[in-house]
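What's in data-v2.csv: CSV, C-alpha atoms (C1' of nucleotides)
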```csv
chain,number,residue,atom,x,y,z
A,6,MET,CA,11.1,-101.4,30.0
A,7,SER,CA,14.4,-102.8,31.1
A,8,PHE,CA,16.0,-100.2,33.1
A,9,PHE,CA,19.4,-101.7,32.0
A,10,ASN,CA,20.5,-101.0,28.5
A,11,ALA,CA,23.2,-102.7,26.4
A,12,ARG,CA,25.8,-100.0,27.3
A,13,LEU,CA,25.3,-100.5,31.0
A,14,ARG,CA,25.3,-104.3,30.7
A,15,TYR,CA,28.5,-104.2,28.7
A,16,ALA,CA,30.1,-101.9,31.3
A,17,LEU,CA,29.2,-104.2,34.1
A,18,CYS,CA,30.5,-107.3,32.2
A,19,ALA,CA,33.7,-105.5,31.4
A,20,VAL,CA,34.3,-104.5,35.0
A,21,VAL,CA,33.5,-108.0,36.4
A,22,ASP,CA,35.9,-109.3,33.8
A,23,LEU,CA,38.6,-107.0,35.1
A,24,ALA,CA,37.8,-108.0,38.7
A,25,LEU,CA,38.4,-111.6,37.7
A,26,GLN,CA,41.8,-111.0,36.2
A,27,PRO,CA,45.0,-111.2,38.3
A,28,PRO,CA,45.4,-107.8,39.9
A,29,LEU,CA,48.2,-105.3,39.2
A,30,GLN,CA,48.3,-106.6,35.7
A,31,SER,CA,46.8,-104.5,32.9
A,32,CYS,CA,44.4,-106.1,30.5
A,33,GLN,CA,43.8,-105.1,26.9
A,34,SER,CA,40.4,-103.8,25.8
A,35,ARG,CA,40.4,-106.4,23.0
A,36,GLU,CA,40.8,-109.3,25.3
A,37,ILE,CA,37.9,-108.1,27.4
A,38,ALA,CA,35.9,-107.5,24.3
A,39,THR,CA,36.4,-111.0,23.0
A,40,ARG,CA,35.9,-112.7,26.3
A,41,GLN,CA,32.7,-110.8,27.0
A,42,GLY,CA,31.4,-110.7,23.4
A,43,ILE,CA,31.4,-106.9,23.2
A,44,PRO,CA,32.0,-105.0,20.0
A,45,GLY,CA,35.6,-103.8,20.3
A,46,PRO,CA,35.4,-100.1,19.5
A,47,TYR,CA,32.2,-99.8,21.4
A,48,LEU,CA,33.9,-101.1,24.5
A,49,ASP,CA,36.6,-98.5,24.1
A,50,GLN,CA,34.0,-95.8,24.5
A,51,ILE,CA,32.6,-97.5,27.6
A,52,LEU,CA,36.1,-97.9,29.1
A,53,ALA,CA,36.8,-94.2,28.4
A,54,ALA,CA,33.7,-93.3,30.4
A,55,LEU,CA,34.6,-95.7,33.2
A,56,LYS,CA,38.1,-94.1,33.3
A,57,SER,CA,36.8,-90.6,33.5
A,58,ALA,CA,34.6,-91.7,36.4
A,59,GLY,CA,37.7,-93.0,38.2
A,60,ILE,CA,36.6,-96.7,38.1
A,61,VAL,CA,39.4,-98.0,35.9
A,62,ARG,CA,42.9,-96.9,35.2
A,63,SER,CA,44.7,-97.2,31.9
A,64,VAL,CA,48.2,-97.7,30.8
A,65,ARG,CA,48.9,-96.4,27.3
A,66,GLY,CA,51.3,-97.6,24.7
A,67,ALA,CA,52.5,-101.1,23.8
A,68,GLY,CA,51.9,-103.6,26.6
A,69,GLY,CA,49.3,-101.3,28.1
A,70,GLY,CA,45.7,-101.9,29.0
A,71,TYR,CA,43.1,-101.4,31.7
A,72,ASN,CA,42.8,-102.4,35.3
A,73,LEU,CA,40.5,-101.4,38.2
A,74,SER,CA,41.5,-98.3,40.1
A,75,ARG,CA,40.4,-99.8,43.4
A,76,SER,CA,39.9,-103.2,44.9
A,77,PRO,CA,36.7,-104.9,43.6
A,78,SER,CA,35.3,-104.9,47.2
A,79,LYS,CA,35.5,-101.0,47.1
A,80,ILE,CA,33.6,-100.6,43.9
A,81,THR,CA,29.8,-100.9,43.9
A,82,ALA,CA,27.4,-101.6,41.0
A,83,GLY,CA,25.8,-98.3,41.7
A,84,GLU,CA,29.1,-96.5,40.7
A,85,ILE,CA,29.1,-98.2,37.4
A,86,VAL,CA,25.5,-97.3,36.7
A,87,LYS,CA,26.2,-93.6,37.6
A,88,ALA,CA,29.2,-93.6,35.4
A,89,MET,CA,27.1,-94.9,32.5
A,90,MET,CA,24.4,-92.2,32.8
A,91,ARG,CA,25.0,-89.5,30.2
A,92,GLY,CA,24.6,-86.1,31.8
A,93,ASP,CA,21.0,-86.7,32.9
A,94,GLN,CA,21.2,-86.6,36.7
A,95,LEU,CA,18.4,-88.4,38.5
A,96,PHE,CA,16.1,-85.6,39.5
A,97,ALA,CA,18.0,-82.6,38.3
A,98,SER,CA,15.1,-80.5,36.9
A,99,GLY,CA,12.9,-78.1,38.9
A,100,GLU,CA,10.9,-79.7,41.6
A,101,GLU,CA,9.1,-76.4,42.5
A,102,ALA,CA,7.4,-76.3,39.1
A,103,ILE,CA,6.0,-79.7,39.7
A,104,LEU,CA,4.9,-78.9,43.3
A,105,GLU,CA,3.0,-75.8,42.1
A,106,SER,CA,1.0,-77.6,39.4
A,107,SER,CA,-2.5,-78.5,40.4
A,108,GLY,CA,-2.3,-81.9,38.7
A,109,ALA,CA,-1.1,-85.2,40.1
A,110,GLU,CA,2.5,-84.8,38.9
A,111,TRP,CA,3.8,-84.4,42.4
A,112,VAL,CA,2.4,-87.6,43.8
A,113,VAL,CA,3.6,-89.5,40.7
A,114,HIS,CA,7.0,-87.9,41.2
A,115,GLU,CA,7.1,-89.0,44.8
A,116,LEU,CA,6.4,-92.6,43.7
A,117,GLU,CA,9.1,-92.4,41.1
A,118,GLU,CA,11.6,-91.1,43.7
A,119,ARG,CA,10.7,-94.0,46.0
A,120,VAL,CA,11.4,-96.5,43.3
A,121,GLU,CA,14.7,-94.9,42.4
A,122,GLN,CA,15.7,-94.9,46.1
A,123,SER,CA,15.2,-98.6,46.3
A,124,ILE,CA,17.1,-99.2,43.1
A,125,CYS,CA,20.0,-97.1,44.4
A,126,ALA,CA,20.0,-99.1,47.7
A,127,ILE,CA,20.4,-102.4,45.9
A,128,LEU,CA,23.0,-101.1,43.5
A,129,GLU,CA,25.1,-99.6,46.3
A,130,SER,CA,24.9,-102.8,48.3
A,131,VAL,CA,26.4,-104.9,45.6
A,132,THR,CA,30.2,-104.8,45.1
A,133,LEU,CA,32.2,-106.0,42.1
A,134,GLU,CA,33.7,-108.5,44.5
A,135,ASP,CA,30.2,-109.9,45.1
A,136,LEU,CA,29.6,-110.2,41.3
A,137,ALA,CA,33.0,-111.7,40.6
A,138,GLN,CA,32.6,-114.3,43.4
A,139,ARG,CA,29.1,-115.2,42.2
A,140,LYS,CA,30.5,-115.7,38.7
A,141,VAL,CA,33.2,-118.0,40.0
A,142,GLY,CA,30.7,-120.0,41.9
A,143,LEU,CA,28.4,-120.4,38.8
A,144,ASP,CA,31.4,-121.5,36.7
A,145,GLU,CA,32.3,-124.2,39.2
A,146,ASN,CA,28.7,-125.5,39.2
A,147,LEU,CA,28.8,-125.6,35.4
A,148,ALA,CA,32.1,-127.5,35.4
A,149,ILE,CA,30.6,-130.2,37.7
A,150,MET,CA,27.3,-130.6,35.8
A,151,PRO,CA,28.2,-129.6,32.2
A,152,SER,CA,25.2,-128.8,30.0
A,153,ILE,CA,22.5,-130.7,31.8
B,23,MET,CA,18.1,-92.8,33.4
B,24,SER,CA,14.7,-92.3,34.8
B,25,PHE,CA,12.9,-95.5,34.5
B,26,PHE,CA,9.6,-93.5,34.2
B,27,ASN,CA,8.9,-91.9,30.9
B,28,ALA,CA,6.4,-89.2,29.9
B,29,ARG,CA,3.9,-91.7,28.7
B,30,LEU,CA,3.9,-93.6,32.0
B,31,ARG,CA,3.8,-90.4,34.1
B,32,TYR,CA,0.8,-89.2,32.0
B,33,ALA,CA,-0.9,-92.5,32.5
B,34,LEU,CA,-0.4,-92.4,36.3
B,35,CYS,CA,-1.7,-88.8,36.5
B,36,ALA,CA,-4.7,-89.6,34.4
B,37,VAL,CA,-5.6,-92.6,36.5
B,38,VAL,CA,-5.1,-90.7,39.8
B,39,ASP,CA,-7.3,-88.0,38.3
B,40,LEU,CA,-10.0,-90.5,37.6
B,41,ALA,CA,-9.7,-91.9,41.2
B,42,LEU,CA,-10.4,-88.4,42.5
B,43,GLN,CA,-13.5,-87.9,40.5
B,44,PRO,CA,-16.9,-88.9,42.0
B,45,PRO,CA,-17.3,-92.6,41.1
B,46,LEU,CA,-20.0,-94.0,38.7
B,47,GLN,CA,-19.7,-90.9,36.7
B,48,SER,CA,-17.8,-90.9,33.5
B,49,CYS,CA,-15.3,-88.3,32.8
B,50,GLN,CA,-14.2,-86.9,29.4
B,51,SER,CA,-10.7,-87.4,28.2
B,52,ARG,CA,-10.4,-83.6,27.5
B,53,GLU,CA,-11.3,-82.7,31.1
B,54,ILE,CA,-8.5,-85.0,32.3
B,55,ALA,CA,-6.1,-83.6,29.7
B,56,THR,CA,-6.6,-80.0,30.8
B,57,ARG,CA,-6.7,-80.8,34.5
B,58,GLN,CA,-3.4,-82.8,34.2
B,59,GLY,CA,-1.8,-80.7,31.5
B,60,ILE,CA,-1.5,-83.6,29.1
B,61,PRO,CA,-1.7,-83.1,25.3
B,62,GLY,CA,-5.3,-84.2,24.4
B,63,PRO,CA,-4.8,-86.6,21.5
B,64,TYR,CA,-1.8,-88.1,23.2
B,65,LEU,CA,-3.9,-88.9,26.3
B,66,ASP,CA,-6.4,-90.6,24.0
B,67,GLN,CA,-3.7,-93.2,23.0
B,68,ILE,CA,-2.8,-93.7,26.6
B,69,LEU,CA,-6.4,-94.2,27.7
B,70,ALA,CA,-6.9,-96.7,24.9
B,71,ALA,CA,-4.0,-98.7,26.2
B,72,LEU,CA,-5.4,-98.5,29.8
B,73,LYS,CA,-8.7,-99.7,28.5
B,74,SER,CA,-7.3,-102.7,26.7
B,75,ALA,CA,-5.5,-103.5,29.9
B,76,GLY,CA,-8.8,-103.5,31.7
B,77,ILE,CA,-7.9,-100.6,34.0
B,78,VAL,CA,-10.5,-98.1,32.7
B,79,ARG,CA,-13.8,-98.5,31.0
B,80,SER,CA,-15.2,-96.2,28.5
B,81,VAL,CA,-18.7,-95.0,27.4
B,82,ARG,CA,-18.8,-93.9,23.8
B,83,GLY,CA,-20.8,-91.3,22.2
B,84,ALA,CA,-22.2,-88.0,23.5
B,85,GLY,CA,-22.1,-87.7,27.3
B,86,GLY,CA,-19.6,-90.5,27.4
B,87,GLY,CA,-16.2,-90.6,28.9
B,88,TYR,CA,-13.9,-92.8,31.1
B,89,ASN,CA,-14.0,-94.2,34.5
B,90,LEU,CA,-12.0,-96.8,36.5
B,91,SER,CA,-13.1,-100.4,36.0
B,92,ARG,CA,-12.4,-101.2,39.6
B,93,SER,CA,-12.3,-99.4,42.9
B,94,PRO,CA,-9.0,-97.4,43.3
B,95,SER,CA,-8.1,-99.7,46.2
B,96,LYS,CA,-8.0,-102.6,43.9
B,97,ILE,CA,-5.7,-101.1,41.2
B,98,THR,CA,-2.0,-101.0,41.8
B,99,ALA,CA,0.6,-98.7,40.3
B,100,GLY,CA,2.3,-101.8,39.0
B,101,GLU,CA,-0.7,-102.6,36.8
B,102,ILE,CA,-0.5,-99.1,35.2
B,103,VAL,CA,3.2,-99.6,34.6
B,104,LYS,CA,2.6,-103.0,32.9
B,105,ALA,CA,-0.1,-101.6,30.8
B,106,MET,CA,2.2,-98.9,29.6
B,107,MET,CA,5.0,-101.2,28.4
B,108,ARG,CA,4.8,-101.7,24.7
B,109,GLY,CA,5.2,-105.4,23.9
B,110,ASP,CA,8.6,-105.8,25.5
B,111,GLN,CA,8.0,-108.1,28.4
B,112,LEU,CA,10.4,-107.9,31.2
B,113,PHE,CA,12.7,-110.9,30.6
B,114,ALA,CA,11.1,-112.4,27.6
B,115,SER,CA,14.2,-113.3,25.7
B,116,GLY,CA,16.1,-116.6,26.0
B,117,GLU,CA,17.7,-117.1,29.3
B,118,GLU,CA,19.5,-120.3,28.2
B,119,ALA,CA,21.6,-118.4,25.7
B,120,ILE,CA,22.8,-116.1,28.4
B,121,LEU,CA,23.5,-119.0,30.8
B,122,GLU,CA,25.6,-120.8,28.2
B,123,SER,CA,27.8,-117.8,27.5
B,124,SER,CA,31.2,-117.9,29.2
B,125,GLY,CA,31.0,-114.1,29.8
B,126,ALA,CA,29.6,-112.3,32.8
B,127,GLU,CA,26.2,-111.7,31.3
B,128,TRP,CA,24.5,-114.1,33.6
B,129,VAL,CA,25.7,-112.5,36.8
B,130,VAL,CA,24.7,-109.1,35.4
B,131,HIS,CA,21.4,-110.5,34.4
B,132,GLU,CA,20.8,-111.7,37.9
B,133,LEU,CA,21.5,-108.3,39.3
B,134,GLU,CA,19.1,-106.8,36.8
B,135,GLU,CA,16.5,-109.3,37.9
B,136,ARG,CA,17.0,-108.4,41.5
B,137,VAL,CA,16.5,-104.7,40.8
B,138,GLU,CA,13.3,-105.4,38.8
B,139,GLN,CA,12.0,-107.6,41.5
B,140,SER,CA,12.3,-104.7,44.0
B,141,ILE,CA,10.7,-102.3,41.6
B,142,CYS,CA,7.8,-104.6,41.2
B,143,ALA,CA,7.4,-105.1,44.9
B,144,ILE,CA,7.1,-101.3,45.4
B,145,LEU,CA,4.8,-100.7,42.5
B,146,GLU,CA,2.5,-103.6,43.5
B,147,SER,CA,2.3,-102.3,47.1
B,148,VAL,CA,1.0,-98.9,46.0
B,149,THR,CA,-2.7,-98.6,45.1
B,150,LEU,CA,-4.4,-95.8,43.3
B,151,GLU,CA,-6.3,-95.1,46.5
B,152,ASP,CA,-2.9,-94.5,48.2
B,153,LEU,CA,-1.9,-92.0,45.5
B,154,ALA,CA,-5.3,-90.3,45.5
B,155,GLN,CA,-5.3,-89.9,49.3
B,156,ARG,CA,-1.8,-88.6,49.3
B,157,LYS,CA,-2.7,-86.0,46.7
B,158,VAL,CA,-5.7,-84.8,48.7
B,159,GLY,CA,-3.5,-84.5,51.8
B,160,LEU,CA,-1.0,-82.4,49.9
B,161,ASP,CA,-3.7,-80.2,48.5
B,162,GLU,CA,-5.0,-79.5,52.0
B,163,ASN,CA,-1.5,-78.6,53.2
B,164,LEU,CA,-1.1,-76.3,50.3
B,165,ALA,CA,-4.4,-74.6,51.1
B,166,ILE,CA,-3.3,-73.9,54.7
B,167,MET,CA,0.1,-72.6,53.8
B,168,PRO,CA,-0.3,-71.1,50.3
B,169,SER,CA,3.0,-70.6,48.4
B,170,ILE,CA,5.4,-70.2,51.3
C,7,DA,C1',-33.4,-89.1,11.0
C,8,DT,C1',-29.8,-86.1,11.8
C,9,DG,C1',-26.4,-83.3,14.1
C,10,DT,C1',-23.0,-83.5,17.2
C,11,DA,C1',-20.3,-84.8,21.1
C,12,DA,C1',-17.7,-88.0,22.4
C,13,DT,C1',-14.5,-92.2,21.9
C,14,DC,C1',-11.5,-95.1,18.7
C,15,DT,C1',-8.1,-96.0,15.2
C,16,DT,C1',-4.3,-95.3,12.3
C,17,DA,C1',-0.7,-92.9,10.2
C,18,DT,C1',2.9,-89.5,10.2
C,19,DT,C1',6.4,-86.6,12.0
C,20,DG,C1',10.5,-84.5,14.1
C,21,DA,C1',13.7,-85.1,17.7
C,22,DT,C1',16.4,-87.8,20.4
C,23,DT,C1',18.7,-91.9,21.9
C,24,DT,C1',20.9,-96.3,21.0
C,25,DA,C1',24.2,-99.3,19.4
C,26,DG,C1',27.3,-99.5,16.9
C,27,DT,C1',31.3,-98.4,12.9
C,28,DA,C1',34.9,-95.8,10.9
C,29,DT,C1',38.8,-93.1,10.9
C,30,DA,C1',42.5,-90.8,12.4
C,31,DC,C1',45.6,-89.5,16.3
C,32,DT,C1',48.6,-90.0,20.5
C,33,DT,C1',51.4,-92.2,23.6
C,34,DT,C1',55.0,-95.4,24.9
C,35,DA,C1',57.5,-100.0,25.4
C,36,DG,C1',60.8,-102.5,23.1
D,9,DC,C1',61.7,-96.3,14.7
D,10,DT,C1',57.8,-98.9,15.0
D,11,DA,C1',54.2,-101.6,16.5
D,12,DA,C1',50.9,-102.0,20.1
D,13,DA,C1',48.1,-100.1,22.8
D,14,DG,C1',44.7,-96.3,24.3
D,15,DT,C1',42.1,-91.6,22.9
D,16,DA,C1',39.1,-88.7,20.3
D,17,DT,C1',35.7,-87.5,17.1
D,18,DA,C1',32.5,-88.1,13.8
D,19,DC,C1',29.2,-90.7,11.4
D,20,DT,C1',25.1,-93.8,10.7
D,21,DA,C1',21.1,-96.9,10.7
D,22,DA,C1',17.6,-98.3,13.5
D,23,DA,C1',14.5,-97.7,17.2
D,24,DT,C1',12.0,-95.1,20.4
D,25,DC,C1',9.6,-91.0,22.2
D,26,DA,C1',6.3,-87.5,22.3
D,27,DA,C1',3.4,-85.7,19.9
D,28,DT,C1',0.1,-84.3,15.9
D,29,DA,C1',-3.3,-85.1,12.4
D,30,DA,C1',-7.1,-86.9,10.3
D,31,DG,C1',-10.7,-89.6,10.1
D,32,DA,C1',-14.0,-93.5,11.6
D,33,DT,C1',-17.3,-95.0,14.8
D,34,DT,C1',-20.8,-94.7,18.3
D,35,DA,C1',-24.7,-93.0,20.8
D,36,DC,C1',-27.4,-89.4,22.8
D,37,DA,C1',-30.5,-85.4,22.0
D,38,DT,C1',-33.8,-83.1,19.5
```

Translate this file's structure into structure tokens.
Amino acid sequence: MSFFNARLRYALCAVVDLALQPPLQSCQSREIATRQGIPGPYLDQILAALKSAGIVRSVRGAGGGYNLSRSPSKITAGEIVKAMMRGDQLFASGEEAILESSGAEWVVHELEERVEQSICAILESVTLEDLAQRKVGLDENLAIMPSI
Amino acid sequence: MSFFNARLRYALCAVVDLALQPPLQSCQSREIATRQGIPGPYLDQILAALKSAGIVRSVRGAGGGYNLSRSPSKITAGEIVKAMMRGDQLFASGEEAILESSGAEWVVHELEERVEQSICAILESVTLEDLAQRKVGLDENLAIMPSI
DNA sequence: ATGTAATCTTATTGATTTAGTATACTTTAG
DNA sequence: CTAAAGTATACTAAATCAATAAGATTACAT
């Protein structure tokens, strides 16, 4: 099942990682990779996709790296998810064809649409700031009661 | 993206089809297949999975077929979805391992869980009766205003 | 009994996607 | 110039998807 795949999870981790770094300072992809346990070259592909979606910026050359292109409070989880979808738009293909068919496809399609709507609503309501703050909170708890 | 795949869509169509047939009467898989435009032998596999999940019953031999094992109002879309998931339980694998990790996996996991919760809530709130009635309603509309 | 109509079971296949790896190239700070 | 970074493309092994194929099993009808 799991609607999230490794690529998306890695992207979200990477971007939360960036949100937790001091801003205005660019951060090497390898640092992110080791902190988050993501295979280095694979993360590069993901960062490239995030860049072309306008979510991160990059500075090339020695001393370069990545940083968020906007403040974490202005980036939603939904944007990351959209950036991670290869080509296949949600509901691109011909709806008329389905409507015409005498089968139950249309009703099923409506259900599917309803589910996707609710997914989008959640993802768009969660910002990177929310996720980053949540992580800080959890880390503090873990520091107080280490490995129960 | 699309959280629904062909197998699941076929299963939902098949089961809505059964809900629309006169009850207590078993219905051949081939009839369902042609009505719903599903490849015959593929539907057989799907019906087998639905059977072992206790959603449909079957009568073997000549004159046999399939029917719902409960009234459509007592079967939710969520059950169909669960029945169509091969083995991979939602959130089977070790949560502790994720919690221990210093990365952002846990926060991402929480988000994922929240999304799945909302999907389940929708799917469990929709019954086969709802879907079947909706289909009947649409078919009536289509009869009144044929191919605008 | 036997034929046949139906479900049931298992295996195979080709295409696609996933999750990486590998390699080479480009840009730029120092 | 050169080393440190990102960029780009191609490749691969494994898994999954959507079927197809072939046969086994069951039960009703005659």

Handout entry: Within 9 Å of B:Arg156 using all atoms listed in the file, minus same-chain residues under 5 positions, as a ChimeraX atom specification
Key = /A:112 /B:151,161

Proximity check chain C to chain A, 9 Å, nearest pairs one decimal Å, only C-alpha atoms (C1' of nucleotides), as CSV:
```
residue,atom,partner,partner_atom,distance
C:DT24,C1',A:Ala11,CA,8.7
C:DA25,C1',A:Ala11,CA,7.8
C:DG26,C1',A:Tyr47,CA,6.7
C:DT27,C1',A:Pro46,CA,8.0
C:DT33,C1',A:Gly66,CA,5.5
C:DT34,C1',A:Gly66,CA,4.3
C:DA35,C1',A:Ala67,CA,5.4
C:DG36,C1',A:Ala67,CA,8.4
```

Practice task
Determine, counting all atoms listed in the file, every residue of protein, DNA or RNA that lies within 6 Å of (-9.8, -93.8, 14.8) in the file coordinates, then give the result as a list in words.
Solution key: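 Those residues lying close to the given coordinates are DC14 and DT15 of chain C; DA32 of chain D.
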
Selected residues written out with C-alpha atoms (C1' of nucleotides), as a short mmCIF file (atom, residue, chain, number, x, y, z; two decimals), in the frame of the given file:
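Dumped to part_39.cif:
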```cif
data_model
loop_
_atom_site.label_atom_id
_atom_site.label_comp_id
_atom_site.auth_asym_id
_atom_site.auth_seq_id
_atom_site.Cartn_x
_atom_site.Cartn_y
_atom_site.Cartn_z
"C1'" DC C 14 -11.50 -95.10 18.70
"C1'" DT C 15 -8.10 -96.00 15.20
"C1'" DA D 32 -14.00 -93.50 11.60
#
```

Exercise for the section: Kindly give the distance, in Å, that separates atom CA of A:Ala148 and atom CA of B:Ala126, rounded to a single decimal. Expected result: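 Separation between atom CA of A:Ala148 and atom CA of B:Ala126: 15.6 Å.
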
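All residues of protein, DNA or RNA that reach within 12 Å of C:DT16, judged by only C-alpha atoms (C1' of nucleotides) and not counting those fewer than 5 positions away in the chain, are Gln67 of chain B; DA29, DA30, DG31 and DA32 of chain D.
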
Problem - All residues 10 Å or closer to A:Ala88, all atoms listed in the file, same chain fewer than 6 positions away omitted, as a ChimeraX atom specification - result: /A:13,16,51,54-60,82

Written file, previous selection with C-alpha atoms, as a JSON list (two decimals), in the coordinates of the input:
```
[["chain", "number", "residue", "atom", "x", "y", "z"],
["A", 13, "LEU", "CA", 25.30, -100.50, 31.00],
["A", 16, "ALA", "CA", 30.10, -101.90, 31.30],
["A", 51, "ILE", "CA", 32.60, -97.50, 27.60],
["A", 54, "ALA", "CA", 33.70, -93.30, 30.40],
["A", 55, "LEU", "CA", 34.60, -95.70, 33.20],
["A", 56, "LYS", "CA", 38.10, -94.10, 33.30],
["A", 57, "SER", "CA", 36.80, -90.60, 33.50],
["A", 58, "ALA", "CA", 34.60, -91.70, 36.40],
["A", 59, "GLY", "CA", 37.70, -93.00, 38.20],
["A", 60, "ILE", "CA", 36.60, -96.70, 38.10],
["A", 82, "ALA", "CA", 27.40, -101.60, 41.00]]
```

Exercise for the section: Give me the residues within 12 Å of C:DT8 as a VMD selection string, counting all atoms listed in the file and dropping any in the same chain fewer than 2 places off. Expected result: (chain C and resid 10) or (chain D and resid 36 to 38)

Practice task
Residues of chain D no more than 7 Å from chain B, counting all atoms listed in the file: send them over as a ChimeraX atom specification.
Solution key: /D:27,34-36

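The space separating atom CA of A:Ile80 from atom CA of A:Val61 comes to 10.2 Å.
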
Exercise for the section: Give me, as a VMD selection string, the contact residues of chain B against chain A at a cut-off of 9 Å, counting only C-alpha atoms. Expected result: chain B and resid 23 to 26 31 to 32 34 to 36 38 to 39 57 to 59 107 to 108 110 to 113 122 to 131 133 to 134 136 to 138 140 to 141 144 to 145 148 153 to 154 156 to 157 160 to 161 169
